[in-house]
file query_28.csv (CSV, N, CA and C atoms)
chain,number,residue,atom,x,y,z
A,16,MET,N,87.1,90.7,94.2
A,16,MET,CA,88.6,90.3,94.4
A,16,MET,C,88.8,90.0,95.8
A,17,GLU,N,89.4,88.8,96.1
A,17,GLU,CA,89.7,88.4,97.4
A,17,GLU,C,91.0,89.1,97.8
A,18,ILE,N,91.0,89.7,99.0
A,18,ILE,CA,92.2,90.5,99.5
A,18,ILE,C,92.7,89.8,100.7
A,19,LYS,N,94.0,89.4,100.7
A,19,LYS,CA,94.6,88.7,101.8
A,19,LYS,C,95.6,89.6,102.5
A,20,GLN,N,95.7,89.3,103.8
A,20,GLN,CA,96.7,90.0,104.6
A,20,GLN,C,98.1,89.7,104.1
A,21,TYR,N,98.9,90.7,104.0
A,21,TYR,CA,100.3,90.7,103.5
A,21,TYR,C,100.5,90.5,102.0
A,22,GLN,N,99.4,90.7,101.3
A,22,GLN,CA,99.4,90.8,99.9
A,22,GLN,C,99.9,92.1,99.5
A,23,ILE,N,100.6,92.2,98.4
A,23,ILE,CA,101.1,93.5,97.8
A,23,ILE,C,100.2,93.9,96.7
A,24,MET,N,99.6,95.1,96.8
A,24,MET,CA,98.6,95.6,95.9
A,24,MET,C,99.1,96.9,95.3
A,25,LEU,N,98.8,97.1,94.0
A,25,LEU,CA,99.0,98.4,93.4
A,25,LEU,C,97.8,99.3,93.7
A,26,VAL,N,98.1,100.4,94.4
A,26,VAL,CA,97.0,101.3,94.9
A,26,VAL,C,97.2,102.7,94.4
A,27,ASN,N,96.1,103.4,94.0
A,27,ASN,CA,96.1,104.8,93.7
A,27,ASN,C,96.0,105.6,95.0
A,28,LEU,N,97.0,106.2,95.5
A,28,LEU,CA,97.0,106.9,96.7
A,28,LEU,C,96.6,108.4,96.6
A,29,ASP,N,96.5,108.9,95.4
A,29,ASP,CA,96.1,110.3,95.3
A,29,ASP,C,94.6,110.5,95.5
A,30,PRO,N,94.2,111.6,96.0
A,30,PRO,CA,94.9,112.8,96.4
A,30,PRO,C,95.6,112.5,97.8
A,31,THR,N,96.7,113.2,98.0
A,31,THR,CA,97.4,113.1,99.3
A,31,THR,C,97.6,114.5,99.8
A,32,VAL,N,98.1,114.6,101.0
A,32,VAL,CA,98.4,115.9,101.6
A,32,VAL,C,99.8,115.8,102.2
A,33,GLY,N,100.6,116.9,102.0
A,33,GLY,CA,101.9,117.0,102.7
A,33,GLY,C,102.9,115.9,102.4
A,34,SER,N,103.4,115.3,103.4
A,34,SER,CA,104.4,114.3,103.2
A,34,SER,C,104.0,112.9,103.0
A,35,GLU,N,102.7,112.7,102.8
A,35,GLU,CA,102.1,111.3,102.6
A,35,GLU,C,102.7,110.8,101.2
A,36,ILE,N,102.9,109.5,101.1
A,36,ILE,CA,103.4,108.9,99.9
A,36,ILE,C,102.3,109.1,98.8
A,37,LYS,N,102.7,109.5,97.7
A,37,LYS,CA,101.8,109.9,96.6
A,37,LYS,C,101.7,108.9,95.5
A,38,LYS,N,101.0,109.2,94.5
A,38,LYS,CA,100.9,108.5,93.2
A,38,LYS,C,100.3,107.1,93.4
A,39,THR,N,100.5,106.3,92.4
A,39,THR,CA,100.1,104.9,92.4
A,39,THR,C,101.3,104.1,92.8
A,40,SER,N,101.2,103.5,94.0
A,40,SER,CA,102.3,102.8,94.6
A,40,SER,C,101.9,101.4,95.0
A,41,PRO,N,102.9,100.5,95.1
A,41,PRO,CA,102.6,99.2,95.7
A,41,PRO,C,102.4,99.4,97.2
A,42,CYS,N,101.5,98.7,97.8
A,42,CYS,CA,101.2,98.8,99.2
A,42,CYS,C,100.9,97.4,99.8
A,43,VAL,N,101.3,97.2,101.0
A,43,VAL,CA,101.1,95.9,101.7
A,43,VAL,C,99.8,96.0,102.5
A,44,VAL,N,98.9,95.0,102.3
A,44,VAL,CA,97.7,94.9,103.1
A,44,VAL,C,98.0,94.5,104.5
A,45,ILE,N,97.6,95.3,105.5
A,45,ILE,CA,97.9,95.0,106.9
A,45,ILE,C,96.6,94.4,107.6
A,46,SER,N,95.5,94.8,107.1
A,46,SER,CA,94.2,94.3,107.8
A,46,SER,C,94.0,92.8,107.5
A,47,PRO,N,93.4,92.1,108.5
A,47,PRO,CA,93.2,90.6,108.3
A,47,PRO,C,92.1,90.3,107.4
A,48,GLU,N,92.1,89.0,106.9
A,48,GLU,CA,91.1,88.6,105.9
A,48,GLU,C,89.6,88.8,106.5
A,49,GLU,N,89.4,88.6,107.8
A,49,GLU,CA,88.1,88.8,108.3
A,49,GLU,C,87.6,90.2,108.1
A,50,MET,N,88.4,91.2,108.2
A,50,MET,CA,88.0,92.6,107.9
A,50,MET,C,87.9,92.8,106.4
A,51,ASN,N,88.8,92.3,105.7
A,51,ASN,CA,88.9,92.5,104.2
A,51,ASN,C,87.6,92.0,103.6
A,52,ALA,N,87.1,90.8,104.1
A,52,ALA,CA,86.0,90.2,103.4
A,52,ALA,C,84.7,90.9,103.7
A,53,HIS,N,84.6,91.7,104.8
A,53,HIS,CA,83.3,92.3,105.2
A,53,HIS,C,83.2,93.8,105.1
A,54,LEU,N,84.3,94.5,105.0
A,54,LEU,CA,84.3,96.0,105.0
A,54,LEU,C,84.7,96.4,103.6
A,55,ARG,N,84.3,97.7,103.3
A,55,ARG,CA,84.6,98.3,102.0
A,55,ARG,C,86.0,98.9,102.0
A,56,THR,N,86.6,98.9,103.2
A,56,THR,CA,87.9,99.5,103.3
A,56,THR,C,88.9,98.5,103.8
A,57,ILE,N,90.2,98.7,103.5
A,57,ILE,CA,91.3,97.9,104.0
A,57,ILE,C,92.4,98.8,104.6
A,58,VAL,N,93.2,98.2,105.4
A,58,VAL,CA,94.3,98.9,106.0
A,58,VAL,C,95.6,98.5,105.3
A,59,ILE,N,96.3,99.5,104.8
A,59,ILE,CA,97.5,99.3,104.0
A,59,ILE,C,98.7,100.0,104.6
A,60,ALA,N,99.9,99.6,104.2
A,60,ALA,CA,101.1,100.3,104.4
A,60,ALA,C,101.8,100.5,103.1
A,61,PRO,N,102.0,101.8,102.7
A,61,PRO,CA,102.6,102.0,101.4
A,61,PRO,C,104.1,101.5,101.3
A,62,MET,N,104.6,101.3,100.1
A,62,MET,CA,105.9,100.9,99.9
A,62,MET,C,106.7,102.0,99.1
A,63,THR,N,108.0,102.0,99.3
A,63,THR,CA,108.8,102.9,98.5
A,63,THR,C,110.1,102.3,98.2
A,64,THR,N,110.8,102.8,97.1
A,64,THR,CA,112.1,102.3,96.7
A,64,THR,C,113.2,103.1,97.2
A,65,SER,N,112.8,104.3,97.8
A,65,SER,CA,113.9,105.2,98.3
A,65,SER,C,113.5,105.5,99.8
A,66,SER,N,114.4,105.1,100.7
A,66,SER,CA,114.1,105.3,102.1
A,66,SER,C,115.4,105.3,102.9
A,67,LYS,N,115.4,106.0,104.0
A,67,LYS,CA,116.5,105.8,105.0
A,67,LYS,C,116.2,104.6,105.8
A,68,ASN,N,117.1,104.2,106.6
A,68,ASN,CA,116.9,103.0,107.4
A,68,ASN,C,116.3,103.4,108.7
A,69,TYR,N,115.0,103.7,108.7
A,69,TYR,CA,114.2,104.1,109.9
A,69,TYR,C,113.7,102.8,110.6
A,70,PRO,N,113.5,102.8,111.9
A,70,PRO,CA,113.1,101.6,112.6
A,70,PRO,C,111.7,101.2,112.3
A,71,THR,N,110.9,102.1,111.6
A,71,THR,CA,109.5,101.8,111.2
A,71,THR,C,109.4,101.4,109.8
A,72,ARG,N,110.5,101.0,109.2
A,72,ARG,CA,110.5,100.6,107.8
A,72,ARG,C,111.2,99.3,107.6
A,73,VAL,N,110.5,98.4,106.9
A,73,VAL,CA,111.0,97.0,106.7
A,73,VAL,C,111.5,96.9,105.3
A,74,GLU,N,112.7,96.5,105.1
A,74,GLU,CA,113.3,96.3,103.8
A,74,GLU,C,112.8,94.9,103.2
A,75,ILE,N,112.3,95.0,102.0
A,75,ILE,CA,111.9,93.8,101.3
A,75,ILE,C,112.4,93.7,99.9
A,76,LYS,N,112.3,92.6,99.3
A,76,LYS,CA,112.6,92.4,97.9
A,76,LYS,C,111.3,92.0,97.1
A,77,HIS,N,111.0,92.8,96.1
A,77,HIS,CA,109.8,92.6,95.3
A,77,HIS,C,110.1,92.8,93.8
A,78,GLU,N,109.8,91.9,93.0
A,78,GLU,CA,110.1,92.0,91.6
A,78,GLU,C,111.6,92.3,91.3
A,79,ASN,N,112.5,91.6,92.1
A,79,ASN,CA,113.9,91.7,92.0
A,79,ASN,C,114.4,93.1,92.3
A,80,LYS,N,113.6,93.9,93.0
A,80,LYS,CA,114.0,95.3,93.4
A,80,LYS,C,113.9,95.3,95.0
A,81,MET,N,114.8,96.1,95.6
A,81,MET,CA,114.8,96.3,97.0
A,81,MET,C,113.8,97.5,97.3
A,82,GLY,N,113.0,97.4,98.3
A,82,GLY,CA,112.1,98.4,98.7
A,82,GLY,C,111.9,98.4,100.2
A,83,TRP,N,111.0,99.3,100.6
A,83,TRP,CA,110.7,99.3,102.1
A,83,TRP,C,109.2,99.4,102.2
A,84,VAL,N,108.7,98.7,103.2
A,84,VAL,CA,107.3,98.8,103.7
A,84,VAL,C,107.3,100.0,104.7
A,85,VAL,N,106.5,101.0,104.5
A,85,VAL,CA,106.6,102.2,105.3
A,85,VAL,C,105.5,102.1,106.4
A,86,LEU,N,105.8,101.5,107.5
A,86,LEU,CA,104.9,101.3,108.6
A,86,LEU,C,104.6,102.5,109.4
A,87,ASP,N,105.3,103.6,109.1
A,87,ASP,CA,104.9,104.9,109.8
A,87,ASP,C,103.9,105.6,109.0
A,88,GLN,N,103.4,105.1,107.9
A,88,GLN,CA,102.4,105.7,107.1
A,88,GLN,C,101.2,104.8,106.8
A,89,ILE,N,100.9,103.9,107.8
A,89,ILE,CA,99.7,103.0,107.7
A,89,ILE,C,98.5,103.9,107.5
A,90,ARG,N,97.6,103.5,106.6
A,90,ARG,CA,96.3,104.2,106.5
A,90,ARG,C,95.2,103.3,106.0
A,91,THR,N,94.0,103.7,106.1
A,91,THR,CA,92.8,103.0,105.7
A,91,THR,C,92.4,103.6,104.3
A,92,ILE,N,92.1,102.7,103.4
A,92,ILE,CA,91.7,103.2,102.0
A,92,ILE,C,90.4,102.4,101.6
A,93,ASP,N,89.7,103.0,100.7
A,93,ASP,CA,88.6,102.3,100.1
A,93,ASP,C,89.1,101.3,99.1
A,94,LYS,N,88.4,100.1,99.0
A,94,LYS,CA,88.9,99.1,98.0
A,94,LYS,C,88.9,99.6,96.6
A,95,GLN,N,88.1,100.7,96.3
A,95,GLN,CA,88.1,101.2,94.9
A,95,GLN,C,89.5,101.8,94.5
A,96,ARG,N,90.3,102.0,95.4
A,96,ARG,CA,91.7,102.5,95.1
A,96,ARG,C,92.6,101.4,94.6
A,97,ILE,N,92.2,100.2,94.8
A,97,ILE,CA,93.1,99.1,94.4
A,97,ILE,C,93.0,98.9,92.9
A,98,ILE,N,94.2,98.8,92.3
A,98,ILE,CA,94.3,98.6,90.8
A,98,ILE,C,94.5,97.1,90.5
A,99,LYS,N,95.5,96.5,91.2
A,99,LYS,CA,95.7,95.0,90.9
A,99,LYS,C,96.6,94.5,92.0
A,100,SER,N,96.6,93.1,92.0
A,100,SER,CA,97.5,92.4,93.0
A,100,SER,C,98.9,92.3,92.3
A,101,LEU,N,99.9,92.4,93.1
A,101,LEU,CA,101.3,92.3,92.6
A,101,LEU,C,102.1,91.2,93.2
A,102,GLY,N,101.6,90.5,94.3
A,102,GLY,CA,102.3,89.4,94.9
A,102,GLY,C,102.0,89.4,96.4
A,103,ARG,N,103.0,88.9,97.1
A,103,ARG,CA,102.8,88.7,98.6
A,103,ARG,C,104.2,88.8,99.2
A,104,LEU,N,104.2,89.2,100.5
A,104,LEU,CA,105.5,89.2,101.2
A,104,LEU,C,105.9,87.8,101.5
A,105,SER,N,107.2,87.6,101.7
A,105,SER,CA,107.7,86.2,102.1
A,105,SER,C,107.4,86.0,103.6
A,106,LYS,N,107.5,84.8,104.0
A,106,LYS,CA,107.3,84.5,105.4
A,106,LYS,C,108.3,85.3,106.3
A,107,PRO,N,109.6,85.3,106.0
A,107,PRO,CA,110.5,86.2,106.8
A,107,PRO,C,110.1,87.6,106.8
A,108,GLU,N,109.7,88.2,105.7
A,108,GLU,CA,109.2,89.6,105.6
A,108,GLU,C,108.0,89.8,106.5
A,109,ILE,N,107.1,88.9,106.4
A,109,ILE,CA,105.8,89.0,107.2
A,109,ILE,C,106.2,89.0,108.7
A,110,LYS,N,107.1,88.1,109.1
A,110,LYS,CA,107.6,88.1,110.5
A,110,LYS,C,108.2,89.4,110.9
A,111,GLU,N,109.0,90.0,110.1
A,111,GLU,CA,109.6,91.3,110.4
A,111,GLU,C,108.6,92.4,110.5
A,112,VAL,N,107.6,92.4,109.5
A,112,VAL,CA,106.6,93.4,109.5
A,112,VAL,C,105.8,93.3,110.8
A,113,LYS,N,105.4,92.1,111.2
A,113,LYS,CA,104.6,91.9,112.5
A,113,LYS,C,105.4,92.4,113.7
A,114,GLY,N,106.7,92.1,113.7
A,114,GLY,CA,107.6,92.6,114.8
A,114,GLY,C,107.6,94.1,114.9
A,115,VAL,N,107.8,94.8,113.8
A,115,VAL,CA,107.9,96.2,113.8
A,115,VAL,C,106.5,96.8,114.2
A,116,ILE,N,105.4,96.3,113.7
A,116,ILE,CA,104.1,96.8,114.1
A,116,ILE,C,103.9,96.6,115.6
A,117,ARG,N,104.2,95.4,116.1
A,117,ARG,CA,104.1,95.1,117.5
A,117,ARG,C,104.9,96.1,118.4
A,118,GLU,N,106.2,96.3,118.0
A,118,GLU,CA,107.1,97.2,118.7
A,118,GLU,C,106.6,98.7,118.6
A,119,THR,N,106.1,99.1,117.5
A,119,THR,CA,105.7,100.5,117.3
A,119,THR,C,104.4,100.8,117.9
A,120,PHE,N,103.4,99.9,117.8
A,120,PHE,CA,102.1,100.3,118.1
A,120,PHE,C,101.5,99.5,119.3
A,121,VAL,N,102.1,98.4,119.8
A,121,VAL,CA,101.6,97.7,120.9
A,121,VAL,C,102.4,97.8,122.2
A,122,ASP,N,103.7,97.7,122.1
A,122,ASP,CA,104.5,97.7,123.3
A,122,ASP,C,104.6,99.0,123.9
call {"tool": "encode", "arguments": {"input": "query_28.csv", "output": "structure tokens"}}
result
Amino acid sequence: MEIKQYQIMLVNLDPTVGSEIKKTSPCVVISPEEMNAHLRTIVIAPMTTSSKNYPTRVEIKHENKMGWVVLDQIRTIDKQRIIKSLGRLSKPEIKEVKGVIRETFVD
């Protein structure tokens, strides 16, 4: 399966610990294609449908539902956790995700 950056994937996140997002959830692929093609792991940010308006969360619309990309819970997972592809972020959503990542982790 080809995995592209900013693709939305259904991922089995269990087992988890403490306040980590649990269950099988949609997640956004953060790692670039160069990494995704050669490593057995990918970097993802889980999504949720219930969130407060934190500065590390980006509101998106997916399957006619509003949700948030949870950039404060970025993690690396094995590709075996991927169940299926669900779609892709829009260009404006990608731009916002990049901006929040830059502001949170780079600046």
call {"tool": "atom_distance", "arguments": {"input": "query_28.csv", "atom1": "atom CA of A:Thr63", "atom2": "atom CA of A:Ile36"}}
result
8.2 Å
call {"tool": "closest_residue", "arguments": {"input": "query_28.csv", "among": "A:Gln20, A:Pro70, A:Met62, A:Asn27", "to": "A:Glu48", "atoms": "only N, CA and C atoms"}}
result
A:Gln20
call {"tool": "residues_around", "arguments": {"input": "query_28.csv", "residues": "A:Glu111", "least_positions_apart": "5", "cutoff": "6.5 Å", "atoms": "only N, CA and C atoms", "output": "short mmCIF file (atom, residue, chain, number, x, y, z; two decimals) with N, CA and C atoms, in the coordinates of the input"}}
result
data_model
loop_
_atom_site.label_atom_id
_atom_site.label_comp_id
_atom_site.auth_asym_id
_atom_site.auth_seq_id
_atom_site.Cartn_x
_atom_site.Cartn_y
_atom_site.Cartn_z
N VAL A 73 110.50 98.40 106.90
CA VAL A 73 111.00 97.00 106.70
C VAL A 73 111.50 96.90 105.30
N LYS A 106 107.50 84.80 104.00
CA LYS A 106 107.30 84.50 105.40
C LYS A 106 108.30 85.30 106.30
N ILE A 116 105.40 96.30 113.70
CA ILE A 116 104.10 96.80 114.10
C ILE A 116 103.90 96.60 115.60
#
call {"tool": "closest_residue", "arguments": {"input": "query_28.csv", "among": "A:Ile98, A:Ala60, A:Lys19, A:Arg103", "to": "A:Glu78", "atoms": "only C-alpha atoms"}}
result
A:Arg103
call {"tool": "closest_residue", "arguments": {"input": "query_28.csv", "among": "A:Arg96, A:His77, A:Arg90, A:Lys110", "to": "A:Ser46", "atoms": "only C-alpha atoms"}}
result
A:Arg90
call {"tool": "closest_residue", "arguments": {"input": "query_28.csv", "among": "A:Val121, A:Asn51, A:Val43, A:Trp83", "to": "A:Ser65", "atoms": "all atoms listed in the file"}}
result
A:Trp83
call {"tool": "residues_around", "arguments": {"input": "query_28.csv", "residues": "A:Leu104", "least_positions_apart": "5", "cutoff": "6.5 Å", "atoms": "all atoms listed in the file", "output": "NGL selection string"}}
result
:A and (21-23 or 109)
call {"tool": "closest_residue", "arguments": {"input": "query_28.csv", "among": "A:Lys94, A:Cys42, A:Pro30, A:Met81", "to": "A:Leu54", "atoms": "only N, CA and C atoms"}}
result
A:Lys94
